[in-house]
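K.L.:
The following file, upload.cif, comprises mmCIF, C-alpha atoms and all ligand atoms:
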data_run
#
loop_
_atom_site.label_atom_id
_atom_site.label_comp_id
_atom_site.auth_asym_id
_atom_site.auth_seq_id
_atom_site.Cartn_x
_atom_site.Cartn_y
_atom_site.Cartn_z
CA MET A 1 28.24 47.96 -117.58
CA SER A 2 26.64 51.18 -116.30
CA SER A 3 23.48 51.05 -114.18
CA PRO A 4 20.24 50.43 -116.06
CA ALA A 5 18.86 53.39 -117.97
CA PRO A 6 15.81 54.95 -116.33
CA VAL A 7 12.46 54.21 -117.90
CA GLY A 8 10.14 57.16 -118.18
CA TYR A 9 8.24 59.77 -120.08
CA ALA A 10 9.78 63.18 -120.73
CA ASP A 11 6.64 64.99 -119.53
CA ALA A 12 2.85 64.70 -119.47
CA ILE A 13 2.49 65.46 -123.18
CA ASP A 14 5.05 62.80 -124.04
CA ALA A 15 3.13 60.36 -121.81
CA ARG A 16 -0.18 61.21 -123.51
CA ASP A 17 1.29 60.81 -126.99
CA ARG A 18 3.04 57.55 -126.24
CA LEU A 19 -0.01 56.11 -124.49
CA SER A 20 -2.04 57.09 -127.53
CA GLN A 21 0.43 55.31 -129.84
CA ALA A 22 -0.03 52.27 -127.62
CA GLY A 23 -3.81 52.50 -128.23
CA TYR A 24 -4.79 54.21 -124.97
CA LEU A 25 -6.51 57.55 -125.44
CA THR A 26 -6.47 59.75 -122.41
CA ASP A 27 -6.43 63.28 -121.11
CA ARG A 28 -3.71 65.45 -119.70
CA ALA A 29 -4.62 64.69 -116.06
CA VAL A 30 -4.20 60.93 -116.45
CA ALA A 31 -1.09 61.38 -118.58
CA THR A 32 0.39 63.60 -115.86
CA VAL A 33 -0.06 60.83 -113.29
CA ALA A 34 1.61 58.33 -115.66
CA PHE A 35 4.50 60.74 -116.14
CA LEU A 36 4.86 61.37 -112.40
CA ALA A 37 4.79 57.65 -111.67
CA THR A 38 7.92 57.19 -113.74
CA ARG A 39 9.58 60.44 -112.70
CA LEU A 40 8.99 60.10 -108.95
CA GLY A 41 9.16 56.31 -108.89
CA LYS A 42 5.79 56.12 -107.14
CA PRO A 43 3.12 53.48 -107.70
CA VAL A 44 -0.15 54.56 -109.30
CA LEU A 45 -3.40 53.50 -107.66
CA ALA A 46 -6.05 53.58 -110.39
CA GLU A 47 -9.53 53.35 -108.92
CA GLY A 48 -12.89 53.45 -110.63
CA PRO A 49 -15.86 51.42 -111.82
CA ALA A 50 -15.54 48.30 -113.96
CA GLY A 51 -14.53 48.66 -117.59
CA VAL A 52 -13.24 52.24 -117.57
CA GLY A 53 -9.72 51.30 -118.63
CA LYS A 54 -7.75 50.75 -115.41
CA THR A 55 -6.05 47.54 -116.45
CA GLU A 56 -5.67 48.80 -119.99
CA LEU A 57 -3.82 51.88 -118.71
CA ALA A 58 -1.21 49.65 -117.07
CA LYS A 59 -0.83 47.59 -120.23
CA ALA A 60 -0.49 50.71 -122.38
CA MET A 61 2.08 52.15 -119.97
CA ALA A 62 4.10 48.93 -120.26
CA THR A 63 3.94 49.01 -124.05
CA SER A 64 4.76 52.70 -124.31
CA LEU A 65 7.66 52.40 -121.87
CA GLY A 66 9.05 49.33 -123.59
CA ALA A 67 8.69 47.54 -120.26
CA GLY A 68 7.81 43.91 -119.69
CA LEU A 69 4.45 43.48 -117.99
CA VAL A 70 4.39 41.37 -114.83
CA ARG A 71 0.84 40.93 -113.61
CA LEU A 72 -0.37 39.89 -110.19
CA GLN A 73 -4.09 39.16 -110.39
CA CYS A 74 -5.52 39.60 -106.91
CA TYR A 75 -8.31 37.55 -105.37
CA GLU A 76 -9.64 36.83 -101.92
CA GLY A 77 -7.27 34.51 -100.09
CA LEU A 78 -4.24 35.37 -102.24
CA ASP A 79 -1.17 34.57 -100.17
CA GLU A 80 2.59 34.98 -100.24
CA ALA A 81 3.14 31.60 -101.85
CA LYS A 82 1.13 32.62 -104.89
CA ALA A 83 2.19 36.26 -105.00
CA LEU A 84 5.80 36.35 -103.84
CA TYR A 85 7.68 33.07 -103.85
CA GLU A 86 7.40 29.44 -102.96
CA TRP A 87 9.98 26.73 -102.38
CA ASN A 88 9.93 23.99 -104.96
CA TYR A 89 9.16 21.23 -102.44
CA ARG A 90 9.20 18.40 -104.94
CA LYS A 91 12.62 19.32 -106.22
CA GLN A 92 13.88 19.79 -102.65
CA LEU A 93 12.63 16.32 -101.69
CA LEU A 94 14.31 14.71 -104.66
CA ARG A 95 17.56 16.37 -103.71
CA ILE A 96 17.26 15.25 -100.11
CA GLN A 97 16.61 11.68 -101.26
CA ALA A 98 19.51 11.78 -103.70
CA GLU A 99 21.87 13.00 -101.00
CA ALA A 100 20.62 10.88 -98.15
CA ASP A 101 24.16 10.12 -97.01
CA ALA A 102 25.57 13.60 -97.46
CA ASP A 103 26.20 16.17 -94.76
CA TRP A 104 22.84 17.75 -93.88
CA SER A 105 24.09 21.32 -93.61
CA ALA A 106 25.45 21.13 -97.16
CA THR A 107 22.17 19.70 -98.43
CA GLU A 108 20.23 22.34 -96.53
CA ALA A 109 22.26 25.14 -98.08
CA THR A 110 21.62 23.67 -101.50
CA ILE A 111 17.88 23.17 -101.22
CA PHE A 112 17.33 26.68 -99.91
CA SER A 113 19.14 28.33 -102.78
CA ASP A 114 17.92 30.10 -105.87
CA ASP A 115 17.64 26.94 -107.93
CA TYR A 116 14.91 25.70 -105.63
CA LEU A 117 12.93 28.91 -105.46
CA LEU A 118 9.81 29.49 -107.54
CA ASP A 119 9.42 33.17 -108.26
CA ARG A 120 5.87 34.46 -108.20
CA PRO A 121 4.92 37.82 -109.79
CA LEU A 122 6.12 40.16 -107.01
CA LEU A 123 9.53 38.54 -106.75
CA THR A 124 9.77 38.25 -110.53
CA ALA A 125 9.18 41.98 -110.85
CA LEU A 126 11.88 42.76 -108.29
CA ARG A 127 14.47 40.49 -109.85
CA ARG A 128 14.10 41.39 -113.51
CA ASP A 129 16.91 43.51 -114.84
CA GLU A 130 14.95 44.64 -117.88
CA PRO A 131 12.46 47.54 -117.60
CA THR A 132 9.37 46.19 -115.89
CA LEU A 133 5.86 47.32 -115.17
CA LEU A 134 4.28 45.53 -112.24
CA LEU A 135 0.49 45.46 -112.44
CA VAL A 136 -1.24 44.55 -109.17
CA ASP A 137 -4.71 44.12 -110.56
CA GLU A 138 -7.86 44.43 -108.41
CA VAL A 139 -5.97 45.00 -105.17
CA ASP A 140 -9.24 45.66 -103.30
CA LYS A 141 -9.89 41.89 -103.44
CA VAL A 142 -7.01 40.95 -101.10
CA ASP A 143 -7.22 40.81 -97.30
CA PHE A 144 -5.61 43.28 -94.95
CA GLU A 145 -2.69 40.93 -94.14
CA PHE A 146 -1.73 40.76 -97.76
CA GLU A 147 -2.10 44.50 -98.12
CA ALA A 148 0.50 44.87 -95.36
CA LEU A 149 2.93 42.71 -97.31
CA LEU A 150 2.38 44.79 -100.42
CA LEU A 151 3.00 47.88 -98.41
CA GLU A 152 6.39 46.59 -97.36
CA ILE A 153 7.37 45.77 -100.90
CA LEU A 154 6.14 49.06 -102.32
CA SER A 155 8.03 51.01 -99.64
CA ASP A 156 11.39 49.32 -99.85
CA PHE A 157 11.29 47.42 -103.13
CA GLN A 158 12.83 44.51 -101.35
CA VAL A 159 11.74 41.34 -99.60
CA THR A 160 13.33 39.19 -97.00
CA ILE A 161 13.36 35.46 -97.60
CA PRO A 162 14.24 33.98 -94.20
CA GLU A 163 16.40 31.17 -95.61
CA MET A 164 18.19 33.37 -98.12
CA GLY A 165 18.29 36.92 -96.89
CA THR A 166 17.10 40.15 -98.42
CA VAL A 167 16.39 40.41 -102.10
CA ALA A 168 16.43 44.02 -103.28
CA ALA A 169 15.06 45.19 -106.61
CA VAL A 170 17.65 44.92 -109.34
CA ARG A 171 15.80 47.68 -111.12
CA ARG A 172 12.72 49.32 -109.64
CA PRO A 173 9.61 48.41 -111.57
CA VAL A 174 6.99 50.97 -112.48
CA VAL A 175 3.98 49.90 -110.42
CA VAL A 176 0.27 50.24 -111.18
CA LEU A 177 -2.38 49.02 -108.76
CA THR A 178 -6.01 48.90 -109.81
CA SER A 179 -9.09 48.85 -107.61
CA ASN A 180 -12.83 48.75 -108.16
CA ALA A 181 -13.24 50.29 -104.70
CA THR A 182 -15.21 47.31 -103.38
CA ARG A 183 -13.54 48.17 -100.11
CA GLU A 184 -11.54 51.08 -98.80
CA LEU A 185 -7.79 50.50 -99.02
CA SER A 186 -5.59 51.39 -96.07
CA GLU A 187 -4.39 54.95 -95.71
CA ALA A 188 -0.84 53.61 -95.49
CA LEU A 189 -1.10 52.01 -98.91
CA LYS A 190 -2.72 55.08 -100.42
CA ARG A 191 -0.03 57.30 -98.97
CA ARG A 192 2.59 55.48 -100.99
CA CYS A 193 0.70 55.89 -104.23
CA LEU A 194 -0.34 58.53 -106.69
CA TYR A 195 -4.11 58.34 -106.68
CA LEU A 196 -5.96 58.30 -109.97
CA HIS A 197 -9.72 58.18 -110.21
CA LEU A 198 -10.81 56.91 -113.60
CA GLY A 199 -14.39 57.60 -114.59
CA PHE A 200 -16.32 57.43 -117.83
CA PRO A 201 -14.61 59.48 -120.55
CA GLU A 202 -16.20 62.47 -122.25
CA PRO A 203 -18.26 61.52 -125.32
CA GLN A 204 -15.65 62.88 -127.72
CA ARG A 205 -12.91 60.74 -126.21
CA GLU A 206 -15.15 57.71 -125.99
CA ALA A 207 -15.98 58.09 -129.70
CA ALA A 208 -12.26 58.26 -130.42
CA ILE A 209 -11.73 55.08 -128.36
CA VAL A 210 -14.47 53.34 -130.37
CA ALA A 211 -12.89 54.54 -133.62
CA ARG A 212 -9.52 53.20 -132.50
CA ARG A 213 -10.80 49.84 -131.26
CA VAL A 214 -13.41 49.25 -133.98
CA PRO A 215 -12.05 50.90 -137.12
CA GLU A 216 -14.84 49.25 -139.18
CA ALA A 217 -17.42 51.44 -137.41
CA SER A 218 -18.15 54.72 -139.22
CA GLU A 219 -17.41 58.01 -137.50
CA ARG A 220 -21.12 58.80 -137.47
CA LEU A 221 -21.98 55.49 -135.83
CA ALA A 222 -19.28 55.99 -133.16
CA GLU A 223 -20.62 59.46 -132.36
CA GLN A 224 -24.22 58.26 -132.23
CA LEU A 225 -23.60 55.31 -130.01
CA VAL A 226 -21.55 57.16 -127.42
CA LYS A 227 -24.41 59.66 -127.17
CA VAL A 228 -26.86 56.85 -126.51
CA VAL A 229 -24.49 55.29 -123.98
CA ALA A 230 -24.04 58.64 -122.21
CA SER A 231 -27.82 59.03 -121.94
CA LEU A 232 -28.17 55.48 -120.60
CA ARG A 233 -25.59 56.25 -117.92
CA GLU A 234 -27.90 59.00 -116.68
CA LEU A 235 -30.53 56.38 -115.86
CA GLU A 236 -30.46 54.56 -112.54
CA LEU A 237 -29.10 51.33 -113.94
CA ALA A 238 -27.84 48.37 -111.92
CA LYS A 239 -24.77 48.31 -114.17
CA PRO A 240 -24.21 51.39 -116.31
CA PRO A 241 -22.44 50.47 -119.54
CA SER A 242 -18.67 50.87 -119.37
CA VAL A 243 -16.22 51.83 -122.09
CA ALA A 244 -15.57 48.15 -122.67
CA GLU A 245 -19.29 47.63 -123.33
CA THR A 246 -19.53 50.65 -125.64
CA VAL A 247 -16.71 49.09 -127.68
CA ASP A 248 -18.48 45.72 -127.64
CA TRP A 249 -21.73 47.33 -128.75
CA ALA A 250 -19.96 48.99 -131.67
CA ARG A 251 -18.43 45.63 -132.66
CA ALA A 252 -21.84 43.96 -132.40
CA LEU A 253 -23.51 46.64 -134.55
CA VAL A 254 -20.83 46.28 -137.18
CA ALA A 255 -21.19 42.49 -137.06
CA ILE A 256 -24.93 42.62 -137.72
CA GLY A 257 -24.40 45.12 -140.51
CA VAL A 258 -26.00 48.18 -138.92
CA ASP A 259 -24.45 51.59 -139.47
CA THR A 260 -26.83 53.88 -137.62
CA VAL A 261 -28.39 53.52 -134.18
CA ASP A 262 -31.72 54.56 -135.71
CA ASP A 263 -31.85 51.30 -137.63
CA PRO A 264 -34.58 49.10 -136.06
CA GLU A 265 -32.04 46.24 -136.05
CA ALA A 266 -29.76 48.22 -133.73
CA SER A 267 -31.62 47.08 -130.60
CA ALA A 268 -30.69 43.47 -131.43
CA ALA A 269 -27.13 44.34 -130.41
CA LEU A 270 -28.11 45.75 -126.99
CA PRO A 271 -27.13 42.50 -125.19
CA ALA A 272 -23.52 43.60 -125.78
CA LEU A 273 -24.23 46.74 -123.78
CA LEU A 274 -26.62 45.90 -120.95
CA LYS A 275 -26.28 42.92 -118.65
CA HIS A 276 -29.28 43.12 -116.31
CA ALA A 277 -32.86 42.35 -117.30
CA GLY A 278 -34.12 45.42 -115.41
CA ASP A 279 -31.58 47.63 -117.17
CA VAL A 280 -32.68 46.32 -120.56
CA THR A 281 -36.30 47.16 -119.74
CA LYS A 282 -35.35 50.68 -118.64
CA ALA A 283 -33.23 51.18 -121.75
CA TYR A 284 -36.07 50.10 -124.02
CA GLU A 285 -38.40 52.61 -122.36
CA HIS A 286 -35.78 55.33 -122.49
CA LEU A 287 -35.01 54.71 -126.15
CA GLY A 288 -38.69 54.51 -127.05
CA LEU A 289 -38.40 50.97 -128.34
CA SER A 290 -41.60 48.97 -128.31
CA SER A 291 -40.42 45.58 -127.08
CA GLY A 292 -37.20 43.97 -125.98
CA PRO A 293 -35.46 40.87 -127.16
CA ALA A 294 -37.31 37.65 -126.38
CA GLY A 295 -37.03 36.53 -122.78
CA VAL A 296 -35.67 39.78 -121.43
CA ALA A 297 -37.82 42.84 -121.95
CA GLY A 298 -40.58 40.34 -122.68
CA GLU A 299 -40.76 40.10 -118.90
CA PRO A 300 -41.03 43.76 -117.97
CA GLY A 301 -40.46 44.70 -114.39
CA ARG A 302 -38.18 41.73 -113.67
CA ASN A 303 -35.15 42.41 -111.53
N1 LIG B 1 -8.71 55.26 -122.58
C1 LIG B 1 -8.89 54.17 -123.31
N2 LIG B 1 -8.31 54.04 -124.53
C2 LIG B 1 -8.51 52.94 -125.26
N3 LIG B 1 -9.29 51.90 -124.89
C3 LIG B 1 -9.90 51.98 -123.71
C4 LIG B 1 -9.72 53.09 -122.86
N4 LIG B 1 -10.45 52.90 -121.74
C5 LIG B 1 -11.05 51.72 -121.88
N5 LIG B 1 -10.73 51.14 -123.05
C6 LIG B 1 -11.28 49.87 -123.56
O1 LIG B 1 -12.06 49.31 -122.53
C7 LIG B 1 -11.68 47.95 -122.31
C8 LIG B 1 -11.83 47.65 -120.86
O2 LIG B 1 -10.84 48.27 -120.12
P1 LIG B 1 -10.19 47.59 -118.84
O3 LIG B 1 -10.20 46.11 -118.94
O4 LIG B 1 -8.88 48.24 -118.62
O5 LIG B 1 -11.21 48.04 -117.72
P2 LIG B 1 -11.02 47.98 -116.14
O6 LIG B 1 -11.24 49.38 -115.66
O7 LIG B 1 -9.74 47.32 -115.80
O8 LIG B 1 -12.26 47.08 -115.74
P3 LIG B 1 -12.41 46.01 -114.55
O9 LIG B 1 -12.57 46.81 -113.30
O10 LIG B 1 -13.66 45.27 -114.93
O11 LIG B 1 -11.20 45.15 -114.58
C9 LIG B 1 -10.28 47.84 -122.85
O12 LIG B 1 -9.97 46.58 -123.35
C10 LIG B 1 -10.28 48.85 -123.98
O13 LIG B 1 -10.80 48.24 -125.15
MG MG B 2 -9.32 45.51 -114.91
#
Before we go any further, please render this structure as structure tokens.
P.N.:
Amino acid sequence: MSSPAPVGYADAIDARDRLSQAGYLTDRAVATVAFLATRLGKPVLAEGPAGVGKTELAKAMATSLGAGLVRLQCYEGLDEAKALYEWNYRKQLLRIQAEADADWSATEATIFSDDYLLDRPLLTALRRDEPTLLLVDEVDKVDFEFEALLLEILSDFQVTIPEMGTVAAVRRPVVVLTSNATRELSEALKRRCLYLHLGFPEPQREAAIVARRVPEASERLAEQLVKVVASLRELELAKPPSVAETVDWARALVAIGVDTVDDPEASAALPALLKHAGDVTKAYEHLGLSSGPAGVAGEPGRN
């Protein structure tokens, strides 16, 4: 068999169209980064506030590239055993017990072979021979030591397992890392990546996202609510509403049977949009609403 066919977009327009077919609506700049990631074989580092579509971009890239998604969810304290590989100790022990009388070097060779290895997401992504998109989600949560390990993998697309030797990628995965910028990532990691800052979309695009995600919402409602959301983002809120929350708000409005934000009932759906008591109070003032939902704006000035 010939070597695996490359996975990629023809150009930025192709990337934008295929991402759109996969449900992800984006602009030329983002689509260009997606295209370059596949053309240059470089990881994308997508950074930006919560809920602007970083993880969703990776998922849509996987769908549009026909690639399997392998996801490594990062958290503080994530280590090699959970991210890369681990020996299956229980199975190894059973084998040792079963072969108590056998020659130790033969047993040792057996228990440190593939059959006794548990692949974790990074190793899985390297060893898959089908097209793969590796999503390293929320990479800013890991510690510096782990970042160094990632660096090694993203540079060489191979890992060394002391007992087995070097495992090189069968087929290089397309890699997307996401970060909420809770801490600055190392320059070395950034250098290996294409940097993409994702912010809030323009109102027109956000309305299109709402229309796509909540087809039951009328066009007028989608346009109205993104305008309200955009004006709320201008306020000094503890947590400005993200795209995810705009979509949730639209779903909530549809669920309570409201089809214009001017409807007095519309404020009942605000809990889908704002998640801090102080923000709710500010929003009520800003929107000229008399009182908030019980227990929240009923306690003005809280938070
Ligand atoms: N460009 C877009 N096209 C379509 N849907 C989008 C887009 N951007 C955001 N969304 C919607 O917003 C939701 C939230 O996006 P996502 O989970 O990717 O955010 P995130 O940036 O990864 O947030 P977090 O930092 O909290 O993980 C998605 O499920 C999707 O419904
Ligand atoms: Mg995310």
K.L.:
Between atom CA of Glu216 of chain A and atom CA of Val258 of chain A, measure the distance and give it in Å to one decimal.
P.N.:
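Computing it gives 11.2 Å between the two atoms.
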K.L.:
Need the shell around segment 217-232 of chain A: protein/DNA/RNA residues with any atom at most 6 Å away, counting all atoms listed in the file. Skip same-chain ones fewer than 6 positions apart. Format as a list in words?
P.N.:
Pro203, Ala207, Asp259 and Thr260 of chain A
K.L.:
Could you turn the residues from that selection into a file that holds C-alpha atoms, as a PDB file, in the coordinates of the input?
P.N.:
ATOM      1  CA  PRO A 203     -18.260  61.520-125.320  1.00  0.00           C
ATOM      2  CA  ALA A 207     -15.980  58.090-129.700  1.00  0.00           C
ATOM      3  CA  ASP A 259     -24.450  51.590-139.470  1.00  0.00           C
ATOM      4  CA  THR A 260     -26.830  53.880-137.620  1.00  0.00           C
TER       5      THR A 260
END
K.L.:
Counting only C-alpha atoms and all ligand atoms, name the residues that have an atom within 6 Å of an atom of ligand LIG 1 (chain B); the answer should be given as JSON, numbers by chain.
P.N.:
{"A": [23, 24, 25, 26, 49, 50, 51, 52, 53, 54, 55, 56, 180, 209, 243, 244]}
K.L.:
Go ahead and compute the interatomic distance for atom CA of Leu126 of chain A and atom CA of Leu189 of chain A, in Å to one decimal.
P.N.:
18.5 Å
K.L.:
Between atom CA of Ala250 of chain A and atom CA of Ala269 of chain A, what is the distance in Å, rounded to a tenth?
P.N.:
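Computing it gives 8.6 Å between the two atoms.
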K.L.:
Just the residues within 9 Å of segment 106-117 of chain A, please, counting only C-alpha atoms, with nothing from its chain fewer than 3 positions along; format it as an NGL selection string.
P.N.:
:A and (85-89 or 91-93 or 95-96 or 99-100 or 102-103 or 163-164)
K.L.:
Could you pull segment 145-180 of chain A out of the structure I just pasted and write it to a file containing N, CA and C atoms, as a PDB file, in the first residue's frame?
P.N.:
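Okay, this is what ended up in result12.pdb:
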ATOM      1  N   GLU A 145       6.293  21.256  33.621  1.00  0.00           N
ATOM      2  CA  GLU A 145       6.957  19.979  33.284  1.00  0.00           C
ATOM      3  C   GLU A 145       6.185  19.282  32.170  1.00  0.00           C
ATOM      4  N   PHE A 146       4.880  19.323  32.294  1.00  0.00           N
ATOM      5  CA  PHE A 146       4.079  18.640  31.290  1.00  0.00           C
ATOM      6  C   PHE A 146       4.159  19.374  29.955  1.00  0.00           C
ATOM      7  N   GLU A 147       4.249  20.688  30.046  1.00  0.00           N
ATOM      8  CA  GLU A 147       4.365  21.480  28.820  1.00  0.00           C
ATOM      9  C   GLU A 147       5.636  21.077  28.061  1.00  0.00           C
ATOM     10  N   ALA A 148       6.693  20.776  28.816  1.00  0.00           N
ATOM     11  CA  ALA A 148       7.955  20.371  28.191  1.00  0.00           C
ATOM     12  C   ALA A 148       7.776  19.047  27.437  1.00  0.00           C
ATOM     13  N   LEU A 149       7.015  18.152  28.027  1.00  0.00           N
ATOM     14  CA  LEU A 149       6.760  16.868  27.368  1.00  0.00           C
ATOM     15  C   LEU A 149       5.974  17.074  26.071  1.00  0.00           C
ATOM     16  N   LEU A 150       4.995  17.944  26.155  1.00  0.00           N
ATOM     17  CA  LEU A 150       4.187  18.245  24.960  1.00  0.00           C
ATOM     18  C   LEU A 150       5.055  18.797  23.844  1.00  0.00           C
ATOM     19  N   LEU A 151       5.953  19.658  24.280  1.00  0.00           N
ATOM     20  CA  LEU A 151       6.859  20.306  23.347  1.00  0.00           C
ATOM     21  C   LEU A 151       7.637  19.279  22.534  1.00  0.00           C
ATOM     22  N   GLU A 152       8.118  18.278  23.265  1.00  0.00           N
ATOM     23  CA  GLU A 152       8.905  17.220  22.640  1.00  0.00           C
ATOM     24  C   GLU A 152       8.049  16.480  21.610  1.00  0.00           C
ATOM     25  N   ILE A 153       6.843  16.183  21.996  1.00  0.00           N
ATOM     26  CA  ILE A 153       5.979  15.420  21.096  1.00  0.00           C
ATOM     27  C   ILE A 153       5.598  16.248  19.872  1.00  0.00           C
ATOM     28  N   LEU A 154       5.305  17.531  20.117  1.00  0.00           N
ATOM     29  CA  LEU A 154       4.887  18.376  18.999  1.00  0.00           C
ATOM     30  C   LEU A 154       6.049  18.718  18.068  1.00  0.00           C
ATOM     31  N   SER A 155       7.279  18.583  18.554  1.00  0.00           N
ATOM     32  CA  SER A 155       8.433  18.857  17.689  1.00  0.00           C
ATOM     33  C   SER A 155       8.738  17.654  16.822  1.00  0.00           C
ATOM     34  N   ASP A 156       8.757  16.495  17.450  1.00  0.00           N
ATOM     35  CA  ASP A 156       9.258  15.308  16.731  1.00  0.00           C
ATOM     36  C   ASP A 156       8.168  14.324  16.345  1.00  0.00           C
ATOM     37  N   PHE A 157       6.997  14.495  16.896  1.00  0.00           N
ATOM     38  CA  PHE A 157       5.911  13.534  16.685  1.00  0.00           C
ATOM     39  C   PHE A 157       6.396  12.118  16.955  1.00  0.00           C
ATOM     40  N   GLN A 158       7.118  12.008  18.040  1.00  0.00           N
ATOM     41  CA  GLN A 158       7.530  10.688  18.488  1.00  0.00           C
ATOM     42  C   GLN A 158       7.769  10.719  19.991  1.00  0.00           C
ATOM     43  N   VAL A 159       7.699   9.544  20.613  1.00  0.00           N
ATOM     44  CA  VAL A 159       8.006   9.472  22.038  1.00  0.00           C
ATOM     45  C   VAL A 159       8.897   8.270  22.267  1.00  0.00           C
ATOM     46  N   THR A 160       9.677   8.373  23.328  1.00  0.00           N
ATOM     47  CA  THR A 160      10.529   7.245  23.654  1.00  0.00           C
ATOM     48  C   THR A 160       9.983   6.572  24.905  1.00  0.00           C
ATOM     49  N   ILE A 161       9.691   5.293  24.763  1.00  0.00           N
ATOM     50  CA  ILE A 161       9.259   4.492  25.906  1.00  0.00           C
ATOM     51  C   ILE A 161      10.482   3.679  26.308  1.00  0.00           C
ATOM     52  N   PRO A 162      11.057   3.966  27.487  1.00  0.00           N
ATOM     53  CA  PRO A 162      12.349   3.366  27.826  1.00  0.00           C
ATOM     54  C   PRO A 162      12.414   1.858  27.580  1.00  0.00           C
ATOM     55  N   GLU A 163      11.361   1.135  27.962  1.00  0.00           N
ATOM     56  CA  GLU A 163      11.394  -0.332  27.842  1.00  0.00           C
ATOM     57  C   GLU A 163      11.174  -0.814  26.412  1.00  0.00           C
ATOM     58  N   MET A 164      10.694   0.060  25.551  1.00  0.00           N
ATOM     59  CA  MET A 164      10.325  -0.400  24.204  1.00  0.00           C
ATOM     60  C   MET A 164      11.060   0.285  23.066  1.00  0.00           C
ATOM     61  N   GLY A 165      11.525   1.477  23.335  1.00  0.00           N
ATOM     62  CA  GLY A 165      12.185   2.232  22.265  1.00  0.00           C
ATOM     63  C   GLY A 165      11.320   3.385  21.798  1.00  0.00           C
ATOM     64  N   THR A 166      11.689   3.913  20.617  1.00  0.00           N
ATOM     65  CA  THR A 166      10.991   5.103  20.132  1.00  0.00           C
ATOM     66  C   THR A 166       9.769   4.733  19.306  1.00  0.00           C
ATOM     67  N   VAL A 167       8.695   5.423  19.602  1.00  0.00           N
ATOM     68  CA  VAL A 167       7.475   5.216  18.816  1.00  0.00           C
ATOM     69  C   VAL A 167       7.248   6.493  18.011  1.00  0.00           C
ATOM     70  N   ALA A 168       7.365   6.382  16.696  1.00  0.00           N
ATOM     71  CA  ALA A 168       7.170   7.560  15.847  1.00  0.00           C
ATOM     72  C   ALA A 168       5.750   7.553  15.295  1.00  0.00           C
ATOM     73  N   ALA A 169       5.248   8.735  14.977  1.00  0.00           N
ATOM     74  CA  ALA A 169       3.881   8.828  14.454  1.00  0.00           C
ATOM     75  C   ALA A 169       3.754   8.011  13.180  1.00  0.00           C
ATOM     76  N   VAL A 170       2.726   7.200  13.124  1.00  0.00           N
ATOM     77  CA  VAL A 170       2.439   6.423  11.915  1.00  0.00           C
ATOM     78  C   VAL A 170       1.994   7.416  10.845  1.00  0.00           C
ATOM     79  N   ARG A 171       1.199   8.365  11.286  1.00  0.00           N
ATOM     80  CA  ARG A 171       0.662   9.382  10.395  1.00  0.00           C
ATOM     81  C   ARG A 171       0.470  10.615  11.259  1.00  0.00           C
ATOM     82  N   ARG A 172       1.115  11.707  10.904  1.00  0.00           N
ATOM     83  CA  ARG A 172       1.065  12.894  11.766  1.00  0.00           C
ATOM     84  C   ARG A 172      -0.356  13.392  11.973  1.00  0.00           C
ATOM     85  N   PRO A 173      -0.759  13.551  13.211  1.00  0.00           N
ATOM     86  CA  PRO A 173      -2.099  14.102  13.424  1.00  0.00           C
ATOM     87  C   PRO A 173      -2.108  15.604  13.188  1.00  0.00           C
ATOM     88  N   VAL A 174      -3.257  16.134  12.853  1.00  0.00           N
ATOM     89  CA  VAL A 174      -3.445  17.582  12.872  1.00  0.00           C
ATOM     90  C   VAL A 174      -3.660  17.911  14.352  1.00  0.00           C
ATOM     91  N   VAL A 175      -2.971  18.951  14.841  1.00  0.00           N
ATOM     92  CA  VAL A 175      -3.041  19.222  16.278  1.00  0.00           C
ATOM     93  C   VAL A 175      -3.654  20.595  16.556  1.00  0.00           C
ATOM     94  N   VAL A 176      -4.596  20.627  17.476  1.00  0.00           N
ATOM     95  CA  VAL A 176      -5.156  21.907  17.941  1.00  0.00           C
ATOM     96  C   VAL A 176      -5.022  21.957  19.453  1.00  0.00           C
ATOM     97  N   LEU A 177      -4.395  23.023  19.952  1.00  0.00           N
ATOM     98  CA  LEU A 177      -4.322  23.245  21.392  1.00  0.00           C
ATOM     99  C   LEU A 177      -5.232  24.423  21.709  1.00  0.00           C
ATOM    100  N   THR A 178      -5.946  24.344  22.820  1.00  0.00           N
ATOM    101  CA  THR A 178      -6.744  25.506  23.202  1.00  0.00           C
ATOM    102  C   THR A 178      -6.269  26.022  24.550  1.00  0.00           C
ATOM    103  N   SER A 179      -6.464  27.324  24.750  1.00  0.00           N
ATOM    104  CA  SER A 179      -6.043  27.937  26.016  1.00  0.00           C
ATOM    105  C   SER A 179      -6.955  29.103  26.349  1.00  0.00           C
ATOM    106  N   ASN A 180      -7.282  29.216  27.624  1.00  0.00           N
ATOM    107  CA  ASN A 180      -8.067  30.364  28.096  1.00  0.00           C
ATOM    108  C   ASN A 180      -7.137  31.471  28.577  1.00  0.00           C
TER     109      ASN A 180
END
